[in-house]
Each structure stands twice: as C-alpha cells, then as structure tokens.
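File shown here: work_35.cif, holding mmCIF, C-alpha atoms.
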```
data_run
loop_
_atom_site.label_atom_id
_atom_site.label_comp_id
_atom_site.auth_asym_id
_atom_site.auth_seq_id
_atom_site.Cartn_x
_atom_site.Cartn_y
_atom_site.Cartn_z
CA MET V 1 262.42 -35.34 110.23
CA PHE V 2 259.28 -33.50 109.22
CA GLY V 3 258.52 -35.62 106.17
CA THR V 4 257.53 -34.16 102.83
CA ILE V 5 256.21 -30.60 103.02
CA ARG V 6 253.80 -29.53 100.29
CA ASN V 7 252.15 -26.16 99.73
CA PRO V 8 248.42 -25.75 98.98
CA GLN V 9 249.11 -26.42 95.28
CA GLY V 10 250.67 -29.76 96.19
CA GLU V 11 254.19 -28.63 95.27
CA ARG V 12 256.99 -30.12 97.36
CA LEU V 13 259.07 -27.58 99.26
CA ASP V 14 262.77 -28.41 99.55
CA TYR V 15 264.21 -27.90 103.03
CA SER V 16 267.23 -28.66 105.19
CA PHE V 17 267.09 -29.12 108.96
CA HIS V 18 269.85 -28.28 111.43
CA PRO V 19 269.05 -30.12 114.69
CA GLY V 20 270.66 -27.86 117.28
CA ARG V 21 270.27 -28.98 120.89
CA ALA V 22 268.61 -32.34 121.50
CA GLY V 23 265.20 -32.03 123.08
CA SER V 24 264.58 -28.42 122.06
CA ASP V 25 260.97 -27.69 121.13
CA ALA V 26 261.94 -24.53 119.24
CA VAL V 27 262.77 -24.14 115.57
CA VAL V 28 263.82 -21.11 113.55
CA VAL V 29 262.47 -21.09 109.98
CA LEU V 30 264.60 -19.28 107.40
CA GLY V 31 263.00 -17.87 104.24
CA HIS V 32 264.94 -16.31 101.35
CA GLY V 33 264.30 -13.41 99.00
CA VAL V 34 263.34 -13.09 95.33
CA THR V 35 265.62 -15.08 92.96
CA GLY V 36 267.20 -16.73 96.02
CA ASN V 37 266.93 -20.15 97.65
CA LYS V 38 267.70 -21.89 100.93
CA ASP V 39 271.36 -22.43 100.00
CA ARG V 40 272.46 -18.79 99.74
CA PRO V 41 275.72 -18.45 101.71
CA PHE V 42 274.41 -16.07 104.37
CA VAL V 43 271.27 -18.19 104.91
CA LEU V 44 273.42 -21.28 105.42
CA ALA V 45 275.77 -19.36 107.71
CA LEU V 46 272.85 -18.23 109.85
CA ALA V 47 271.40 -21.75 110.08
CA GLU V 48 274.78 -23.13 111.12
CA GLY V 49 275.23 -20.34 113.65
CA LEU V 50 271.85 -21.08 115.20
CA ALA V 51 272.54 -24.82 115.38
CA ALA V 52 275.94 -24.18 116.98
CA ALA V 53 274.12 -22.15 119.64
CA GLY V 54 271.80 -25.11 120.24
CA ILE V 55 268.82 -23.66 118.35
CA PRO V 56 267.28 -25.93 115.67
CA ALA V 57 266.87 -24.26 112.28
CA LEU V 58 264.98 -25.14 109.12
CA ARG V 59 265.83 -23.36 105.89
CA PHE V 60 263.57 -23.88 102.89
CA SER V 61 263.11 -22.75 99.32
CA PHE V 62 259.78 -21.25 98.32
CA ALA V 63 257.98 -23.03 95.48
CA GLY V 64 259.57 -22.40 92.09
CA ASN V 65 262.95 -21.64 93.66
CA GLY V 66 265.96 -23.85 94.24
CA ALA V 67 265.05 -27.53 94.30
CA SER V 68 261.43 -26.92 95.32
CA GLU V 69 258.71 -27.89 92.90
CA GLY V 70 256.69 -25.30 91.00
CA ARG V 71 257.38 -22.55 88.46
CA PHE V 72 259.46 -19.51 89.27
CA ALA V 73 257.01 -17.39 87.27
CA ASP V 74 254.26 -18.29 89.77
CA ALA V 75 256.30 -17.23 92.82
CA THR V 76 254.54 -14.20 94.29
CA ILE V 77 254.47 -12.82 97.81
CA THR V 78 250.89 -13.99 98.25
CA LYS V 79 251.74 -17.53 97.17
CA GLU V 80 254.82 -17.59 99.40
CA VAL V 81 252.75 -16.57 102.42
CA ALA V 82 250.83 -19.80 101.82
CA ASP V 83 254.10 -21.72 101.37
CA LEU V 84 255.19 -20.51 104.80
CA GLY V 85 251.87 -21.62 106.21
CA ALA V 86 252.55 -25.15 104.93
CA VAL V 87 255.92 -25.15 106.71
CA LEU V 88 254.24 -24.02 109.93
CA ASP V 89 251.72 -26.85 109.54
CA ALA V 90 254.61 -29.32 109.42
CA LEU V 91 256.08 -27.85 112.61
CA ALA V 92 252.91 -28.26 114.69
CA GLY V 93 253.70 -28.33 118.40
CA ARG V 94 256.98 -26.44 118.06
CA ARG V 95 257.80 -22.92 119.19
CA VAL V 96 258.53 -21.11 115.94
CA ALA V 97 260.59 -18.06 115.04
CA TYR V 98 260.65 -16.89 111.44
CA VAL V 99 263.57 -15.11 109.76
CA GLY V 100 262.80 -13.69 106.32
CA HIS V 101 265.21 -11.99 103.93
CA SER V 102 264.12 -9.31 101.43
CA MET V 103 260.85 -10.49 99.82
CA GLY V 104 260.85 -13.25 102.41
CA GLY V 105 260.71 -10.45 104.96
CA ALA V 106 257.47 -9.15 103.46
CA VAL V 107 256.17 -12.71 103.55
CA GLY V 108 256.97 -12.86 107.25
CA VAL V 109 255.19 -9.61 108.03
CA LEU V 110 252.05 -10.71 106.23
CA ARG V 111 252.06 -14.16 107.85
CA ALA V 112 252.95 -13.01 111.37
CA SER V 113 250.26 -10.34 111.30
CA THR V 114 247.57 -13.04 111.08
CA ASP V 115 249.18 -16.29 112.28
CA LEU V 116 249.85 -16.68 115.99
CA ARG V 117 252.08 -19.70 115.41
CA ILE V 118 254.98 -17.33 114.71
CA GLY V 119 256.24 -16.38 118.16
CA LEU V 120 259.30 -14.34 117.13
CA LEU V 121 259.95 -12.41 113.92
CA VAL V 122 263.21 -11.34 112.27
CA SER V 123 263.37 -9.29 109.06
CA LEU V 124 266.68 -9.21 107.19
CA ALA V 125 266.72 -6.32 104.69
CA GLY V 126 262.97 -6.85 104.56
CA MET V 127 261.00 -5.54 101.61
CA VAL V 128 258.26 -3.20 102.86
CA HIS V 129 257.09 -0.94 100.02
CA THR V 130 256.39 -3.68 97.47
CA ALA V 131 254.87 -1.58 94.68
CA ALA V 132 257.77 0.85 94.82
CA PHE V 133 260.24 -2.05 94.69
CA ALA V 134 258.56 -3.53 91.62
CA GLN V 135 258.70 -0.27 89.72
CA ARG V 136 262.21 0.66 90.87
CA GLU V 137 263.78 -2.68 89.95
CA PHE V 138 261.63 -3.95 87.08
CA GLY V 139 259.56 -1.04 85.84
CA MET V 140 261.51 -0.97 82.55
CA VAL V 141 261.20 -4.74 81.97
CA GLU V 142 258.28 -6.12 79.96
CA PRO V 143 256.52 -8.87 81.94
CA GLU V 144 256.29 -12.29 80.25
CA LYS V 145 259.17 -11.32 77.94
CA GLY V 146 261.93 -9.95 80.13
CA PHE V 147 263.88 -11.21 83.13
CA MET V 148 264.69 -10.10 86.64
CA TRP V 149 268.11 -8.41 86.64
CA ASP V 150 268.78 -9.97 83.19
CA ASP V 151 268.84 -13.48 84.67
CA GLU V 152 267.21 -15.85 82.15
CA ALA V 153 266.49 -18.32 84.96
CA CYS V 154 264.23 -15.71 86.55
CA PRO V 155 261.50 -14.60 84.11
CA LEU V 156 259.48 -11.58 85.14
CA SER V 157 255.81 -12.53 85.24
CA GLN V 158 252.77 -10.30 85.12
CA ALA V 159 251.46 -12.17 88.15
CA TYR V 160 254.50 -11.10 90.15
CA MET V 161 254.19 -7.45 89.19
CA ASP V 162 250.43 -7.42 89.80
CA ASP V 163 250.83 -9.01 93.22
CA LEU V 164 253.43 -6.49 94.41
CA ALA V 165 251.27 -3.65 93.10
CA ALA V 166 248.15 -5.00 94.81
CA ILE V 167 249.92 -5.35 98.15
CA GLY V 168 251.39 -1.87 97.76
CA SER V 169 253.18 -1.86 101.10
CA VAL V 170 253.16 -4.02 104.22
CA VAL V 171 253.90 -1.06 106.48
CA ASP V 172 250.32 -0.95 107.83
CA ARG V 173 250.58 -4.59 108.96
CA ALA V 174 253.15 -3.64 111.60
CA ALA V 175 250.47 -2.72 114.12
CA ALA V 176 248.98 -6.23 113.89
CA ILE V 177 252.22 -7.95 114.88
CA ARG V 178 252.25 -8.60 118.62
CA VAL V 179 255.47 -10.60 119.01
CA PRO V 180 259.09 -9.52 119.57
CA TRP V 181 260.55 -8.32 116.29
CA LEU V 182 264.12 -7.74 115.16
CA LEU V 183 264.86 -5.84 111.96
CA VAL V 184 268.39 -5.99 110.51
CA HIS V 185 269.44 -3.87 107.53
CA GLY V 186 272.71 -2.86 105.92
CA THR V 187 273.47 0.81 105.40
CA GLU V 188 274.74 0.11 101.85
CA ASP V 189 271.76 -1.95 100.64
CA ASP V 190 271.13 -1.00 96.99
CA VAL V 191 268.15 -3.34 96.46
CA VAL V 192 265.83 -2.64 99.40
CA PRO V 193 266.46 0.80 100.90
CA LEU V 194 267.30 1.01 104.59
CA GLN V 195 264.37 3.42 104.84
CA ASP V 196 261.98 0.48 104.33
CA SER V 197 263.04 -0.98 107.68
CA ARG V 198 263.00 2.42 109.34
CA ASP V 199 259.47 3.06 108.09
CA ILE V 200 257.97 -0.17 109.34
CA CYS V 201 259.94 -0.17 112.59
CA ALA V 202 258.43 3.22 113.40
CA ARG V 203 254.95 1.64 113.13
CA ALA V 204 255.77 -1.56 115.02
CA ASN V 205 254.74 -2.44 118.55
CA GLU V 206 257.17 -2.99 121.39
CA PRO V 207 259.32 -4.94 121.78
CA ARG V 208 261.01 -4.23 118.46
CA GLU V 209 264.57 -3.38 117.53
CA LEU V 210 266.23 -2.09 114.37
CA CYS V 211 269.88 -3.04 113.91
CA GLU V 212 271.68 -1.13 111.14
CA ILE V 213 274.94 -2.77 110.03
CA PRO V 214 277.39 -0.18 108.67
CA GLY V 215 278.69 -1.00 105.20
CA ALA V 216 276.53 -4.10 104.73
CA GLY V 217 274.83 -4.72 101.40
CA HIS V 218 271.62 -6.54 100.59
CA VAL V 219 272.88 -10.10 101.11
CA PHE V 220 275.18 -9.41 104.07
CA SER V 221 278.24 -10.72 102.23
CA GLY V 222 281.86 -10.68 103.33
CA GLU V 223 282.57 -9.16 106.73
CA ALA V 224 278.87 -8.42 107.23
CA THR V 225 277.95 -12.12 107.44
CA PRO V 226 279.35 -12.86 110.91
CA VAL V 227 278.04 -9.53 112.21
CA MET V 228 274.51 -10.35 111.05
CA VAL V 229 274.72 -13.94 112.30
CA ALA V 230 275.95 -12.87 115.74
CA LYS V 231 273.17 -10.31 116.09
CA VAL V 232 270.37 -12.65 115.04
CA VAL V 233 271.67 -15.65 116.99
CA GLY V 234 272.16 -13.56 120.12
CA TRP V 235 268.70 -12.01 119.88
CA LEU V 236 266.96 -15.35 119.31
CA SER V 237 269.01 -17.15 121.97
CA SER V 238 267.93 -14.66 124.61
CA ARG V 239 264.28 -15.35 123.82
CA LEU V 240 264.23 -19.04 122.99
CA GLY V 241 266.45 -20.16 125.89
#
```
In structure tokens, write the structure found in this file.
Amino acid sequence: MFGTIRNPQGERLDYSFHPGRAGSDAVVVLGHGVTGNKDRPFVLALAEGLAAAGIPALRFSFAGNGASEGRFADATITKEVADLGAVLDALAGRRVAYVGHSMGGAVGVLRASTDLRIGLLVSLAGMVHTAAFAQREFGMVEPEKGFMWDDEACPLSQAYMDDLAAIGSVVDRAAAIRVPWLLVHGTEDDVVPLQDSRDICARANEPRELCEIPGAGHVFSGEATPVMVAKVVGWLSSRLG
C-alpha cells in the first residue's frame, strides 16, 4: 500500500500492514527492540489487536533485522531513528502513533522529541539509560569478536557500543515530547529495568501514563500479552477515535 520504503542508506525496510477500519487516516507504527524484528509474537499480537479495533497498524523491521536490507552490525539507535523517519515519510498525510519496544522505545523518544509527525507515543519496556544498558548486558563481550547474548546471528559491533555510550540516556529528551505518552513495563523485566520507565515518566509532560504489568517480562510473553495488548489498544482507541 505504501510502496517500497527505503532508509537514507537506500536499504529496503520490510513491513507488514494491517488495514483496520476502511477510511481511517490514522496508522500505528510498531518498532521492535535489539535482536528483534517485526514478526515477534507480541508485536504481531498488538498489530492484530489494533486492526480488530479498527485501527490500521504497520509493523516494520529496522535495517539489518528480519527481512530488511542492511547489516545487523550497523544497526544502532541513531541509524534506527533515521529508519523511523523514512517510515514516517512514507505515511505522509496520515495521523501517526508510534509504539516502540525496548531499544525501539529509545528510538521513539529521540524521534518524537524532534519530529511533530508523531502525534501519540507508546513505549513498551523502553530503553532509557542506553550507556548503562550497553555495559550491563555486553560489557564483558569484546566488540567485533563476540555476540549479543551468545547469538551468532547478532554480532556485537563497536559502532553499536559507541552509539549507546554517546547517547548516554534519553531521559532528558522527555521534556521535549509534547504529545500524549503511554509507558508500559513489566515488573519482572530482566533486560530493561522497570526503573528506566519510572525515571523518564517522572520527567515527562502531561498527559503521560505509566502502566506496570505485574509479573510481565521483557517481551510480554504468555499471560502478559493480552494484558499489554488490551492496555495499548484501549489507550490508542480513546485518542485516535
């Protein structure tokens, strides 16, 4: 429907569109986290939940992930902010909400703090303190030789570590976001601490809301999936009409 979407490097971004209600001028863009892609079960469940509620949804894989073109080793937050910009370009004329998971949440904060085309923002277990995340998860892995969480399909690059260190934290960008913002985080997240969402929510403008899901882990698996989907779909439905 939106043709081929390419990022500034010319790499094709793989996406799937869920039409929702005919005639709607809104679309919810779904972005995944590090080592993920658009087909993760909870991302698909959310897209289907939105479409069932009549809200069109577009889930995409950042460059170097899933079936998108590009190298995984080049996938940094800074590059993914530009990837998201290319998706927004393709959606010109639409009302856009962005939902970002984990590292995709940091991408959303950075993009929404400077790009008025994002009218609603949702962070799912959003990464906030990027430098701390890099050291906590990969500080003992040698860049260019080791892998993220021992997954050989996900090499740890120096560019990735340098980018997270340079960003440091996105917490100070909260004040620049002037749109309604929902933050959703599981209490048992062992990848991105719940405190990340609490920290940035405390700095955010109104209207903002933090929803903590008891027992939910980082990817909202199992019984947490329908709880997360219901919360996000309900929140977006009340604002998109």
Query - Shell of 12 Å around V:Ala174, all atoms listed in the file, local chain residues under 2 positions omitted, as a count of residues only - result: 34
Query raised in the report: Hey, which of V:Gly126, V:Leu156, V:His101, V:Asp74 ends up closest to V:Met140? Count all atoms listed in the file.
Result: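 Checking each candidate against V:Met140, we get V:Leu156 as the closest.
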Query raised in the report: Using all atoms listed in the file, which of the listed residues (V:Leu44, V:Met103, V:Val27, V:Met127) sits closest to V:Gly241?
Result: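 Counting all atoms listed in the file, the residue closest to V:Gly241 is V:Val27.
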Query raised in the report: Between atom CA of V:Trp235 and atom CA of V:Met1, what is the spacing in Å?
Result: 26.0 Å
Query raised in the report: So which residues touch V:Leu91 within 9 Å, counting only C-alpha atoms, skipping near sequence neighbours fewer than 4 positions away, as a list of chain:residue names?
Result: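 With the cut-off at 9 Å, the set is V:Phe2, V:Val27, V:Ala86, V:Val87, V:Arg95, V:Val96.
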Query raised in the report: Could you work out how far atom CA of V:Phe60 lies from atom CA of V:Leu164, giving the answer in Å with one decimal?
Result: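 Computed distance, atom CA of V:Leu164 to atom CA of V:Phe60, equals 21.8 Å.
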Requested in this report: Run the PyMOL selection byres ((chain V and resi 32-39) around 9) mentally over the shown coordinates, then write out the matched residues as an MDAnalysis selection string, using the chain letters and numbers from the document.
Outcome: chainID V and resid 14:16 30:31 40:44 59:62 65:67 72 75:76 99:105 126:127 148 153:154
Any chance you could export the current selection's C-alpha atoms as a PDB file, in the coordinates of the input?
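Done, and the output landed in out-v7.pdb:
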```
ATOM      1  CA  ASP V  14     262.770 -28.410  99.550  1.00  0.00           C
ATOM      2  CA  TYR V  15     264.210 -27.900 103.030  1.00  0.00           C
ATOM      3  CA  SER V  16     267.230 -28.660 105.190  1.00  0.00           C
ATOM      4  CA  LEU V  30     264.600 -19.280 107.400  1.00  0.00           C
ATOM      5  CA  GLY V  31     263.000 -17.870 104.240  1.00  0.00           C
ATOM      6  CA  ARG V  40     272.460 -18.790  99.740  1.00  0.00           C
ATOM      7  CA  PRO V  41     275.720 -18.450 101.710  1.00  0.00           C
ATOM      8  CA  PHE V  42     274.410 -16.070 104.370  1.00  0.00           C
ATOM      9  CA  VAL V  43     271.270 -18.190 104.910  1.00  0.00           C
ATOM     10  CA  LEU V  44     273.420 -21.280 105.420  1.00  0.00           C
ATOM     11  CA  ARG V  59     265.830 -23.360 105.890  1.00  0.00           C
ATOM     12  CA  PHE V  60     263.570 -23.880 102.890  1.00  0.00           C
ATOM     13  CA  SER V  61     263.110 -22.750  99.320  1.00  0.00           C
ATOM     14  CA  PHE V  62     259.780 -21.250  98.320  1.00  0.00           C
ATOM     15  CA  ASN V  65     262.950 -21.640  93.660  1.00  0.00           C
ATOM     16  CA  GLY V  66     265.960 -23.850  94.240  1.00  0.00           C
ATOM     17  CA  ALA V  67     265.050 -27.530  94.300  1.00  0.00           C
ATOM     18  CA  PHE V  72     259.460 -19.510  89.270  1.00  0.00           C
ATOM     19  CA  ALA V  75     256.300 -17.230  92.820  1.00  0.00           C
ATOM     20  CA  THR V  76     254.540 -14.200  94.290  1.00  0.00           C
ATOM     21  CA  VAL V  99     263.570 -15.110 109.760  1.00  0.00           C
ATOM     22  CA  GLY V 100     262.800 -13.690 106.320  1.00  0.00           C
ATOM     23  CA  HIS V 101     265.210 -11.990 103.930  1.00  0.00           C
ATOM     24  CA  SER V 102     264.120  -9.310 101.430  1.00  0.00           C
ATOM     25  CA  MET V 103     260.850 -10.490  99.820  1.00  0.00           C
ATOM     26  CA  GLY V 104     260.850 -13.250 102.410  1.00  0.00           C
ATOM     27  CA  GLY V 105     260.710 -10.450 104.960  1.00  0.00           C
ATOM     28  CA  GLY V 126     262.970  -6.850 104.560  1.00  0.00           C
ATOM     29  CA  MET V 127     261.000  -5.540 101.610  1.00  0.00           C
ATOM     30  CA  MET V 148     264.690 -10.100  86.640  1.00  0.00           C
ATOM     31  CA  ALA V 153     266.490 -18.320  84.960  1.00  0.00           C
ATOM     32  CA  CYS V 154     264.230 -15.710  86.550  1.00  0.00           C
TER      33      CYS V 154
END
```
Box for stretch 154-158 of chain V - axis-aligned, 3 Å on each of the six sides, all listed atoms - centre and size in Å to one decimal, as JSON.
```
{"center_x": 258.5, "center_y": -13.0, "center_z": 85.3, "size_x": 17.5, "size_y": 11.4, "size_z": 8.4}
```
Query raised in the report: Which of these residues is nearest to V:Ala132, using all atoms listed in the file: V:Val107, V:Ala52, V:Leu116, V:Ile167?
Result: V:Ile167
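Taking all atoms listed in the file into account, V:Gly168 lies nearest to V:Thr130 out of the set V:Gly139, V:Thr130, V:Asp151, V:Val28.
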**Report entry** Pick from V:Ser221, V:Ser238, V:Gln135, V:Thr4, whichever lies nearest to V:Gly186 using only C-alpha atoms
**Finding:**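 Going through V:Ser221, V:Ser238, V:Gln135, V:Thr4 one by one, the smallest distance to V:Gly186 is for V:Ser221.
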Query - Close residues, V:Gln158 itself excluded, 10 Å, all atoms listed in the file, min 5 positions apart in chain, as number ranges by chain - result: V: 73-74, 142-145, 163
Query - Residue with smallest distance to V:Val219 - pool V:Arg136, V:Lys231, V:His185, V:Arg12, counting only C-alpha atoms - result: V:His185
Query raised in the report: Which residues, written as a ChimeraX atom specification, have at least one atom at most 10 Å from V:Leu50, with only C-alpha atoms counted and residues fewer than 3 positions away on the same chain left out?
Result: /V:18-21,27-28,44-47,53-57,229-230,232-234,236-237
**Report entry** Answer key for the PyMOL selection byres ((chain V and resi 218) around 7), residues as a ChimeraX atom specification
**Finding:** /V:125,186,189-191,216-217,219-220
Requested in this report: Have a look at atom CA of V:Leu182 and atom CA of V:Cys211 and let me know their distance in Å, one decimal.
Outcome: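 Atom-to-atom, atom CA of V:Leu182 and atom CA of V:Cys211 are spaced 7.5 Å apart.
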Report task. Write out as a VMD selection string which residues come within 8 Å of V:Gly215 when counting all atoms listed in the file, dropping same-chain ones fewer than 5 positions away. Result -> chain V and resid 186 to 188 224
